[in-house]
$ cat upload_5.txt   # compact mmCIF, N, CA and C atoms
# COMPACT_ATOMS: atom_id res chain seq x y z
N MET A 1 -122.06 -59.79 -88.93
CA MET A 1 -121.75 -61.20 -88.87
C MET A 1 -120.24 -61.44 -89.04
N LYS A 2 -119.61 -60.66 -89.95
CA LYS A 2 -118.17 -60.81 -90.16
C LYS A 2 -117.41 -60.44 -88.90
N LYS A 3 -117.87 -59.39 -88.20
CA LYS A 3 -117.19 -58.97 -86.97
C LYS A 3 -117.29 -60.04 -85.90
N LEU A 4 -118.44 -60.69 -85.81
CA LEU A 4 -118.63 -61.72 -84.81
C LEU A 4 -117.74 -62.94 -85.09
N SER A 5 -117.68 -63.37 -86.35
CA SER A 5 -116.83 -64.52 -86.68
C SER A 5 -115.35 -64.16 -86.53
N LEU A 6 -114.99 -62.92 -86.87
CA LEU A 6 -113.59 -62.47 -86.69
C LEU A 6 -113.23 -62.44 -85.22
N LEU A 7 -114.15 -61.98 -84.39
CA LEU A 7 -113.92 -61.94 -82.95
C LEU A 7 -113.77 -63.36 -82.39
N GLY A 8 -114.62 -64.27 -82.85
CA GLY A 8 -114.53 -65.66 -82.40
C GLY A 8 -113.23 -66.31 -82.83
N LEU A 9 -112.81 -66.06 -84.07
CA LEU A 9 -111.55 -66.61 -84.57
C LEU A 9 -110.36 -66.06 -83.80
N THR A 10 -110.40 -64.77 -83.48
CA THR A 10 -109.33 -64.14 -82.70
C THR A 10 -109.24 -64.77 -81.31
N ALA A 11 -110.39 -64.99 -80.68
CA ALA A 11 -110.40 -65.61 -79.35
C ALA A 11 -109.87 -67.04 -79.41
N LEU A 12 -110.24 -67.78 -80.45
CA LEU A 12 -109.78 -69.16 -80.61
C LEU A 12 -108.27 -69.21 -80.82
N LEU A 13 -107.76 -68.34 -81.67
CA LEU A 13 -106.31 -68.30 -81.90
C LEU A 13 -105.55 -67.88 -80.63
N GLY A 14 -106.11 -66.95 -79.90
CA GLY A 14 -105.49 -66.52 -78.64
C GLY A 14 -105.43 -67.66 -77.64
N ALA A 15 -106.49 -68.46 -77.57
CA ALA A 15 -106.51 -69.60 -76.66
C ALA A 15 -105.48 -70.64 -77.08
N CYS A 16 -105.34 -70.87 -78.37
CA CYS A 16 -104.35 -71.83 -78.86
C CYS A 16 -102.94 -71.36 -78.53
N TYR A 17 -102.71 -70.08 -78.65
CA TYR A 17 -101.38 -69.54 -78.39
C TYR A 17 -100.99 -69.74 -76.93
N THR A 18 -101.92 -69.49 -76.01
CA THR A 18 -101.58 -69.60 -74.59
C THR A 18 -101.43 -71.05 -74.16
N LEU A 19 -101.96 -72.01 -74.92
CA LEU A 19 -101.84 -73.40 -74.55
C LEU A 19 -100.53 -74.02 -75.00
N GLN A 20 -99.79 -73.35 -75.87
CA GLN A 20 -98.53 -73.89 -76.35
C GLN A 20 -97.48 -73.80 -75.26
N PRO A 21 -96.72 -74.88 -75.04
CA PRO A 21 -95.67 -74.83 -74.03
C PRO A 21 -94.54 -73.90 -74.47
N ALA A 22 -93.86 -73.33 -73.49
CA ALA A 22 -92.74 -72.44 -73.79
C ALA A 22 -91.62 -73.24 -74.43
N ALA A 23 -90.95 -72.63 -75.39
CA ALA A 23 -89.82 -73.29 -76.06
C ALA A 23 -88.68 -73.46 -75.06
N LYS A 24 -88.11 -74.64 -75.03
CA LYS A 24 -86.99 -74.91 -74.13
C LYS A 24 -85.69 -74.87 -74.93
N THR A 25 -84.65 -74.50 -74.24
CA THR A 25 -83.31 -74.51 -74.79
C THR A 25 -82.51 -75.49 -73.95
N SER A 26 -81.44 -76.03 -74.51
CA SER A 26 -80.72 -77.05 -73.75
C SER A 26 -79.21 -76.86 -73.81
N LEU A 27 -78.57 -77.47 -72.83
CA LEU A 27 -77.11 -77.57 -72.76
C LEU A 27 -76.79 -79.05 -72.71
N ASP A 28 -75.89 -79.48 -73.57
CA ASP A 28 -75.43 -80.86 -73.57
C ASP A 28 -73.95 -80.88 -73.21
N GLY A 29 -73.54 -81.92 -72.56
CA GLY A 29 -72.13 -82.01 -72.20
C GLY A 29 -71.77 -83.35 -71.64
N GLU A 30 -70.58 -83.39 -71.06
CA GLU A 30 -70.11 -84.62 -70.45
C GLU A 30 -69.27 -84.30 -69.22
N VAL A 31 -69.41 -85.17 -68.23
CA VAL A 31 -68.67 -85.07 -66.98
C VAL A 31 -67.52 -86.08 -67.04
N PHE A 32 -66.35 -85.64 -66.58
CA PHE A 32 -65.20 -86.55 -66.58
C PHE A 32 -64.35 -86.29 -65.35
N TYR A 33 -63.47 -87.25 -65.05
CA TYR A 33 -62.46 -87.08 -64.00
C TYR A 33 -61.15 -87.66 -64.51
N LEU A 34 -60.05 -87.27 -63.88
CA LEU A 34 -58.73 -87.65 -64.37
C LEU A 34 -58.22 -88.97 -63.78
N GLN A 35 -58.75 -89.39 -62.64
CA GLN A 35 -58.30 -90.63 -62.02
C GLN A 35 -58.63 -91.80 -62.94
N ARG A 36 -57.76 -92.78 -62.94
CA ARG A 36 -57.97 -93.95 -63.80
C ARG A 36 -58.61 -95.07 -62.99
N ILE A 37 -59.86 -94.84 -62.59
CA ILE A 37 -60.61 -95.85 -61.85
C ILE A 37 -61.99 -95.97 -62.48
N ALA A 38 -62.55 -97.15 -62.37
CA ALA A 38 -63.90 -97.39 -62.88
C ALA A 38 -64.93 -97.11 -61.78
N LEU A 39 -66.09 -96.67 -62.18
CA LEU A 39 -67.18 -96.43 -61.23
C LEU A 39 -67.96 -97.72 -61.02
N PRO A 40 -68.38 -97.97 -59.77
CA PRO A 40 -69.19 -99.16 -59.52
C PRO A 40 -70.61 -98.98 -60.07
N PRO A 41 -71.35 -100.06 -60.24
CA PRO A 41 -72.71 -99.98 -60.78
C PRO A 41 -73.67 -99.13 -59.94
N SER A 42 -73.37 -98.95 -58.67
CA SER A 42 -74.27 -98.18 -57.79
C SER A 42 -74.02 -96.67 -57.86
N ALA A 43 -73.10 -96.21 -58.70
CA ALA A 43 -72.78 -94.79 -58.80
C ALA A 43 -73.93 -94.01 -59.43
N THR A 44 -74.12 -92.78 -58.94
CA THR A 44 -75.14 -91.88 -59.49
C THR A 44 -74.50 -90.55 -59.86
N LEU A 45 -75.05 -89.93 -60.89
CA LEU A 45 -74.56 -88.63 -61.37
C LEU A 45 -75.65 -87.59 -61.18
N SER A 46 -75.25 -86.42 -60.72
CA SER A 46 -76.16 -85.29 -60.59
C SER A 46 -75.48 -84.08 -61.23
N VAL A 47 -76.16 -83.47 -62.20
CA VAL A 47 -75.65 -82.28 -62.88
C VAL A 47 -76.73 -81.22 -62.80
N SER A 48 -76.35 -79.99 -62.44
CA SER A 48 -77.35 -78.93 -62.33
C SER A 48 -76.90 -77.63 -62.99
N LEU A 49 -77.89 -76.92 -63.51
CA LEU A 49 -77.70 -75.59 -64.07
C LEU A 49 -78.29 -74.62 -63.06
N GLN A 50 -77.46 -73.66 -62.60
CA GLN A 50 -77.87 -72.79 -61.51
C GLN A 50 -77.62 -71.32 -61.82
N ASP A 51 -78.50 -70.48 -61.26
CA ASP A 51 -78.29 -69.04 -61.24
C ASP A 51 -77.51 -68.75 -59.95
N VAL A 52 -76.25 -68.34 -60.09
CA VAL A 52 -75.38 -68.12 -58.93
C VAL A 52 -75.08 -66.63 -58.73
N SER A 53 -76.03 -65.80 -59.08
CA SER A 53 -75.82 -64.35 -59.04
C SER A 53 -75.72 -63.78 -57.64
N LEU A 54 -76.47 -64.31 -56.70
CA LEU A 54 -76.50 -63.75 -55.36
C LEU A 54 -75.53 -64.50 -54.45
N ALA A 55 -74.55 -63.78 -53.92
CA ALA A 55 -73.52 -64.40 -53.09
C ALA A 55 -74.06 -64.80 -51.72
N ASP A 56 -75.08 -64.11 -51.23
CA ASP A 56 -75.58 -64.37 -49.89
C ASP A 56 -76.88 -65.16 -49.87
N ALA A 57 -77.19 -65.84 -50.96
CA ALA A 57 -78.42 -66.63 -51.04
C ALA A 57 -78.13 -67.94 -51.78
N PRO A 58 -78.93 -68.96 -51.52
CA PRO A 58 -78.73 -70.22 -52.24
C PRO A 58 -78.92 -70.03 -53.74
N ALA A 59 -78.21 -70.82 -54.53
CA ALA A 59 -78.34 -70.76 -55.98
C ALA A 59 -79.73 -71.23 -56.38
N VAL A 60 -80.26 -70.64 -57.45
CA VAL A 60 -81.56 -71.04 -57.99
C VAL A 60 -81.30 -72.07 -59.09
N VAL A 61 -81.87 -73.25 -58.95
CA VAL A 61 -81.67 -74.33 -59.92
C VAL A 61 -82.65 -74.16 -61.08
N LEU A 62 -82.11 -74.01 -62.30
CA LEU A 62 -82.95 -73.92 -63.50
C LEU A 62 -83.30 -75.31 -64.03
N ASP A 63 -82.37 -76.26 -63.92
CA ASP A 63 -82.64 -77.64 -64.29
C ASP A 63 -81.60 -78.53 -63.64
N GLU A 64 -81.98 -79.78 -63.44
CA GLU A 64 -81.08 -80.75 -62.83
C GLU A 64 -81.34 -82.12 -63.44
N GLN A 65 -80.26 -82.85 -63.67
CA GLN A 65 -80.36 -84.23 -64.15
C GLN A 65 -79.75 -85.12 -63.09
N LYS A 66 -80.51 -86.11 -62.62
CA LYS A 66 -80.02 -87.06 -61.62
C LYS A 66 -80.33 -88.46 -62.09
N GLY A 67 -79.43 -89.38 -61.80
CA GLY A 67 -79.74 -90.76 -62.14
C GLY A 67 -78.54 -91.67 -62.06
N SER A 68 -78.83 -92.94 -62.26
CA SER A 68 -77.78 -93.96 -62.26
C SER A 68 -76.86 -93.75 -63.46
N ILE A 69 -75.62 -94.14 -63.26
CA ILE A 69 -74.62 -94.00 -64.32
C ILE A 69 -74.59 -95.28 -65.13
N LYS A 70 -74.66 -95.11 -66.42
CA LYS A 70 -74.54 -96.24 -67.34
C LYS A 70 -73.22 -96.08 -68.09
N GLY A 71 -72.28 -96.95 -67.84
CA GLY A 71 -70.99 -96.85 -68.50
C GLY A 71 -69.96 -96.13 -67.64
N GLN A 72 -68.92 -95.67 -68.30
CA GLN A 72 -67.82 -94.99 -67.62
C GLN A 72 -67.61 -93.61 -68.24
N VAL A 73 -66.68 -92.85 -67.68
CA VAL A 73 -66.43 -91.49 -68.15
C VAL A 73 -65.93 -91.52 -69.59
N PRO A 74 -66.26 -90.49 -70.35
CA PRO A 74 -67.07 -89.33 -70.00
C PRO A 74 -68.56 -89.69 -69.91
N LEU A 75 -69.24 -89.03 -68.96
CA LEU A 75 -70.65 -89.30 -68.69
C LEU A 75 -71.50 -88.20 -69.30
N PRO A 76 -72.36 -88.52 -70.26
CA PRO A 76 -73.15 -87.49 -70.93
C PRO A 76 -74.26 -86.93 -70.04
N PHE A 77 -74.60 -85.66 -70.28
CA PHE A 77 -75.76 -85.07 -69.60
C PHE A 77 -76.49 -84.15 -70.55
N HIS A 78 -77.74 -83.88 -70.22
CA HIS A 78 -78.60 -83.00 -71.01
C HIS A 78 -79.43 -82.17 -70.03
N LEU A 79 -79.30 -80.86 -70.11
CA LEU A 79 -80.06 -79.95 -69.25
C LEU A 79 -80.94 -79.06 -70.13
N SER A 80 -82.21 -78.93 -69.78
CA SER A 80 -83.14 -78.06 -70.51
C SER A 80 -83.55 -76.92 -69.60
N TYR A 81 -83.75 -75.76 -70.20
CA TYR A 81 -84.20 -74.61 -69.41
C TYR A 81 -85.05 -73.71 -70.29
N ASP A 82 -85.84 -72.91 -69.64
CA ASP A 82 -86.70 -71.96 -70.32
C ASP A 82 -85.91 -70.66 -70.49
N PRO A 83 -85.69 -70.19 -71.73
CA PRO A 83 -84.92 -68.95 -71.92
C PRO A 83 -85.54 -67.74 -71.22
N ALA A 84 -86.84 -67.81 -70.93
CA ALA A 84 -87.49 -66.71 -70.21
C ALA A 84 -86.98 -66.60 -68.77
N GLN A 85 -86.38 -67.69 -68.24
CA GLN A 85 -85.82 -67.67 -66.89
C GLN A 85 -84.46 -66.98 -66.83
N VAL A 86 -83.81 -66.82 -67.97
CA VAL A 86 -82.49 -66.21 -68.02
C VAL A 86 -82.63 -64.70 -67.92
N LYS A 87 -81.99 -64.13 -66.90
CA LYS A 87 -82.11 -62.69 -66.63
C LYS A 87 -80.82 -61.97 -66.99
N PRO A 88 -80.94 -60.84 -67.67
CA PRO A 88 -79.74 -60.06 -68.02
C PRO A 88 -78.96 -59.67 -66.76
N GLY A 89 -77.64 -59.78 -66.84
CA GLY A 89 -76.79 -59.40 -65.72
C GLY A 89 -76.61 -60.49 -64.68
N HIS A 90 -77.31 -61.62 -64.80
CA HIS A 90 -77.14 -62.71 -63.85
C HIS A 90 -76.03 -63.64 -64.31
N ARG A 91 -75.48 -64.39 -63.34
CA ARG A 91 -74.41 -65.35 -63.64
C ARG A 91 -74.95 -66.76 -63.49
N TYR A 92 -74.57 -67.63 -64.44
CA TYR A 92 -75.06 -69.00 -64.45
C TYR A 92 -73.89 -69.97 -64.47
N SER A 93 -74.10 -71.14 -63.87
CA SER A 93 -73.03 -72.11 -63.72
C SER A 93 -73.59 -73.53 -63.80
N VAL A 94 -72.74 -74.46 -64.25
CA VAL A 94 -73.08 -75.88 -64.27
C VAL A 94 -72.19 -76.57 -63.26
N SER A 95 -72.78 -77.41 -62.41
CA SER A 95 -71.99 -78.17 -61.44
C SER A 95 -72.41 -79.64 -61.50
N ALA A 96 -71.52 -80.51 -61.04
CA ALA A 96 -71.78 -81.94 -61.09
C ALA A 96 -71.21 -82.63 -59.86
N ARG A 97 -71.79 -83.77 -59.57
CA ARG A 97 -71.31 -84.60 -58.47
C ARG A 97 -71.60 -86.06 -58.78
N ILE A 98 -70.72 -86.93 -58.30
CA ILE A 98 -70.89 -88.37 -58.44
C ILE A 98 -70.89 -88.96 -57.04
N GLU A 99 -71.92 -89.73 -56.74
CA GLU A 99 -72.04 -90.39 -55.44
C GLU A 99 -72.08 -91.90 -55.64
N VAL A 100 -71.57 -92.62 -54.64
CA VAL A 100 -71.64 -94.08 -54.63
C VAL A 100 -72.27 -94.48 -53.30
N ASP A 101 -73.41 -95.13 -53.39
CA ASP A 101 -74.16 -95.55 -52.19
C ASP A 101 -74.39 -94.38 -51.24
N GLY A 102 -74.72 -93.21 -51.79
CA GLY A 102 -75.01 -92.04 -50.98
C GLY A 102 -73.79 -91.28 -50.48
N LYS A 103 -72.61 -91.77 -50.78
CA LYS A 103 -71.37 -91.12 -50.34
C LYS A 103 -70.76 -90.35 -51.51
N LEU A 104 -70.44 -89.08 -51.28
CA LEU A 104 -69.86 -88.23 -52.32
C LEU A 104 -68.46 -88.72 -52.68
N MET A 105 -68.25 -88.97 -53.98
CA MET A 105 -66.95 -89.44 -54.46
C MET A 105 -66.22 -88.38 -55.29
N PHE A 106 -66.97 -87.67 -56.16
CA PHE A 106 -66.40 -86.66 -57.04
C PHE A 106 -67.34 -85.45 -57.05
N ILE A 107 -66.75 -84.26 -57.20
CA ILE A 107 -67.55 -83.04 -57.26
C ILE A 107 -66.78 -81.97 -58.05
N THR A 108 -67.51 -81.03 -58.64
CA THR A 108 -66.84 -79.92 -59.33
C THR A 108 -66.18 -79.03 -58.28
N THR A 109 -64.96 -78.64 -58.55
CA THR A 109 -64.24 -77.74 -57.64
C THR A 109 -63.94 -76.41 -58.30
N GLU A 110 -64.26 -76.29 -59.58
CA GLU A 110 -64.06 -75.04 -60.31
C GLU A 110 -65.40 -74.52 -60.79
N HIS A 111 -65.47 -73.22 -60.98
CA HIS A 111 -66.68 -72.58 -61.49
C HIS A 111 -66.76 -72.81 -63.00
N HIS A 112 -67.86 -73.41 -63.46
CA HIS A 112 -68.07 -73.67 -64.89
C HIS A 112 -69.18 -72.74 -65.37
N ALA A 113 -68.77 -71.51 -65.73
CA ALA A 113 -69.73 -70.49 -66.14
C ALA A 113 -70.31 -70.78 -67.51
N VAL A 114 -71.58 -70.47 -67.67
CA VAL A 114 -72.25 -70.55 -68.97
C VAL A 114 -72.99 -69.24 -69.19
N GLN A 115 -73.09 -68.83 -70.45
CA GLN A 115 -73.72 -67.55 -70.78
C GLN A 115 -75.22 -67.70 -71.06
N LEU A 116 -75.63 -68.86 -71.55
CA LEU A 116 -77.03 -69.15 -71.89
C LEU A 116 -77.58 -68.21 -72.96
N ASP A 117 -76.69 -67.78 -73.85
CA ASP A 117 -77.10 -66.89 -74.95
C ASP A 117 -76.86 -67.54 -76.31
N GLY A 118 -76.61 -68.84 -76.30
CA GLY A 118 -76.34 -69.56 -77.54
C GLY A 118 -74.87 -69.65 -77.91
N SER A 119 -74.01 -68.98 -77.14
CA SER A 119 -72.58 -68.97 -77.46
C SER A 119 -71.79 -70.03 -76.69
N ASP A 120 -72.43 -70.76 -75.79
CA ASP A 120 -71.72 -71.77 -75.00
C ASP A 120 -71.29 -72.94 -75.88
N PRO A 121 -70.03 -73.38 -75.74
CA PRO A 121 -69.58 -74.53 -76.54
C PRO A 121 -70.33 -75.78 -76.11
N GLN A 122 -70.71 -76.58 -77.09
CA GLN A 122 -71.37 -77.83 -76.76
C GLN A 122 -70.69 -78.94 -77.52
N PRO A 123 -70.37 -80.05 -76.93
CA PRO A 123 -70.74 -80.39 -75.56
C PRO A 123 -69.83 -79.69 -74.54
N LEU A 124 -70.43 -79.31 -73.41
CA LEU A 124 -69.67 -78.74 -72.30
C LEU A 124 -68.83 -79.85 -71.69
N LYS A 125 -67.65 -79.51 -71.24
CA LYS A 125 -66.76 -80.48 -70.57
C LYS A 125 -66.66 -80.06 -69.11
N ILE A 126 -67.21 -80.88 -68.22
CA ILE A 126 -67.22 -80.56 -66.78
C ILE A 126 -66.36 -81.56 -66.05
N ARG A 127 -65.26 -81.08 -65.45
CA ARG A 127 -64.36 -81.96 -64.71
C ARG A 127 -64.79 -81.99 -63.25
N VAL A 128 -64.80 -83.19 -62.70
CA VAL A 128 -65.05 -83.36 -61.26
C VAL A 128 -63.78 -83.92 -60.63
N ASP A 129 -63.55 -83.55 -59.38
CA ASP A 129 -62.36 -84.00 -58.66
C ASP A 129 -62.77 -84.92 -57.49
N ALA A 130 -61.87 -85.83 -57.15
CA ALA A 130 -62.12 -86.78 -56.07
C ALA A 130 -62.22 -86.06 -54.74
N VAL A 131 -63.13 -86.55 -53.90
CA VAL A 131 -63.28 -86.03 -52.55
C VAL A 131 -62.39 -86.86 -51.65
N ARG A 132 -61.66 -86.21 -50.80
CA ARG A 132 -60.72 -86.93 -49.91
C ARG A 132 -61.33 -87.16 -48.56

$ encode --input "upload_5.txt" --output "structure tokens"
Amino acid sequence: MKKLSLLGLTALLGACYTLQPAAKTSLDGEVFYLQRIALPPSATLSVSLQDVSLADAPAVVLDEQKGSIKGQVPLPFHLSYDPAQVKPGHRYSVSARIEVDGKLMFITTEHHAVQLDGSDPQPLKIRVDAVR
């Protein structure tokens, strides 16, 4: 009888363990630009965390934040990712873009590398430059 109840308890605990969502880790930061202009109310911000390891293939997006901009620069962002997606030896980067009415106005022009090992400074500071 003890073996049967122990077996049942083990199965129940195992089922509970597999139902728990994976722990997420996050990167917080802010996007800014150097021009002294205000963004119109129709501006949108898109920030993404990408695996950029393969030069001949599209980047793999681990998380992306998109939405309307509330306020002016610096613009806060929050990206969440599953640490199980982080692969040893891979390179990761954060990029951002600001669009107004579907037209690109600002974009990252420099590589903003992140390690995703807990050593990244937070908040991250991501500069975007005007598109000409």

$ closest_residue --input "upload_5.txt" --among "A:Lys66, A:Glu30, A:Asp117, A:Ile98" --to "Asp129 in chain A" --atoms "all atoms listed in the file"
A:Ile98

$ select_by_dssp --input "upload_5.txt" --residues "range 5-109 of chain A" --states "helix (DSSP H, G or I)" --output "number ranges by chain"
A: 5-19, 83-85

$ residues_around --input "upload_5.txt" --residues "Arg97 in chain A" --least-positions-apart "6" --cutoff "8 Å" --atoms "all atoms listed in the file" --output "VMD selection string"
chain A and resid 44 to 48 104 to 108 128 to 129

$ axis_aligned_box --input "upload_5.txt" --around "range 60-69 of chain A" --padding-each-side "8 Å" --output "AutoDock Vina command-line options"
--center_x -78.9 --center_y -83.0 --center_z -61.3 --size_x 24.7 --size_y 40.6 --size_z 23.7

$ closest_residue --input "upload_5.txt" --among "A:Ala84, A:Val31, A:Ala43, A:Ala57" --to "Asp101 in chain A" --atoms "only N, CA and C atoms"
A:Ala43

$ residues_around --input "upload_5.txt" --residues "Asp28 in chain A" --least-positions-apart "6" --cutoff "10 Å" --atoms "only C-alpha atoms" --output "ChimeraX atom specification"
/A:76-80,120-125

$ atom_distance --input "upload_5.txt" --atom1 "CA of Asp63 in chain A" --atom2 "CA of Ala113 in chain A"
14.9 Å

$ closest_residue --input "upload_5.txt" --among "A:Val61, A:Lys87, A:Ala96, A:Lys24" --to "Leu75 in chain A" --atoms "only C-alpha atoms"
A:Ala96

$ atom_distance --input "upload_5.txt" --atom1 "atom C of Ile69 in chain A" --atom2 "CA of Val100 in chain A"
11.0 Å

$ atom_distance --input "upload_5.txt" --atom1 "atom C of Leu27 in chain A" --atom2 "atom C of Val86 in chain A"
16.2 Å

$ closest_residue --input "upload_5.txt" --among "A:Glu99, A:Lys70, A:Arg127, A:Ser93" --to "Leu49 in chain A" --atoms "all atoms listed in the file"
A:Ser93

$ residues_around --input "upload_5.txt" --residues "Leu54 in chain A" --least-positions-apart "4" --cutoff "10 Å" --atoms "only C-alpha atoms" --output "PDB file with N, CA and C atoms, keeping the file's coordinate frame"
ATOM      1  N   PRO A  58     -78.930 -68.960 -51.520  1.00  0.00           N
ATOM      2  CA  PRO A  58     -78.730 -70.220 -52.240  1.00  0.00           C
ATOM      3  C   PRO A  58     -78.920 -70.030 -53.740  1.00  0.00           C
ATOM      4  N   ALA A  59     -78.210 -70.820 -54.530  1.00  0.00           N
ATOM      5  CA  ALA A  59     -78.340 -70.760 -55.980  1.00  0.00           C
ATOM      6  C   ALA A  59     -79.730 -71.230 -56.380  1.00  0.00           C
ATOM      7  N   VAL A  60     -80.260 -70.640 -57.450  1.00  0.00           N
ATOM      8  CA  VAL A  60     -81.560 -71.040 -57.990  1.00  0.00           C
ATOM      9  C   VAL A  60     -81.300 -72.070 -59.090  1.00  0.00           C
ATOM     10  N   HIS A  90     -77.310 -61.620 -64.800  1.00  0.00           N
ATOM     11  CA  HIS A  90     -77.140 -62.710 -63.850  1.00  0.00           C
ATOM     12  C   HIS A  90     -76.030 -63.640 -64.310  1.00  0.00           C
ATOM     13  N   ARG A  91     -75.480 -64.390 -63.340  1.00  0.00           N
ATOM     14  CA  ARG A  91     -74.410 -65.350 -63.640  1.00  0.00           C
ATOM     15  C   ARG A  91     -74.950 -66.760 -63.490  1.00  0.00           C
TER      16      ARG A  91
END

$ select_by_dssp --input "upload_5.txt" --residues "chain A" --states "strand (DSSP E or B)" --output "NGL selection string"
:A and (25-32 or 43-51 or 60-68 or 75-81 or 92-100 or 103-107 or 113-114 or 124-127 or 129-130)

$ closest_residue --input "upload_5.txt" --among "A:Gln85, A:Pro41, A:Tyr92, A:Glu64" --to "Val114 in chain A" --atoms "all atoms listed in the file"
A:Tyr92

$ residues_around --input "upload_5.txt" --residues "Gln72 in chain A" --least-positions-apart "5" --cutoff "8 Å" --atoms "all atoms listed in the file" --output "ChimeraX atom specification"
/A:31-32,37-39

$ closest_residue --input "upload_5.txt" --among "A:Val73, A:Val131, A:Leu116, A:Val94" --to "Tyr33 in chain A" --atoms "all atoms listed in the file"
A:Val73
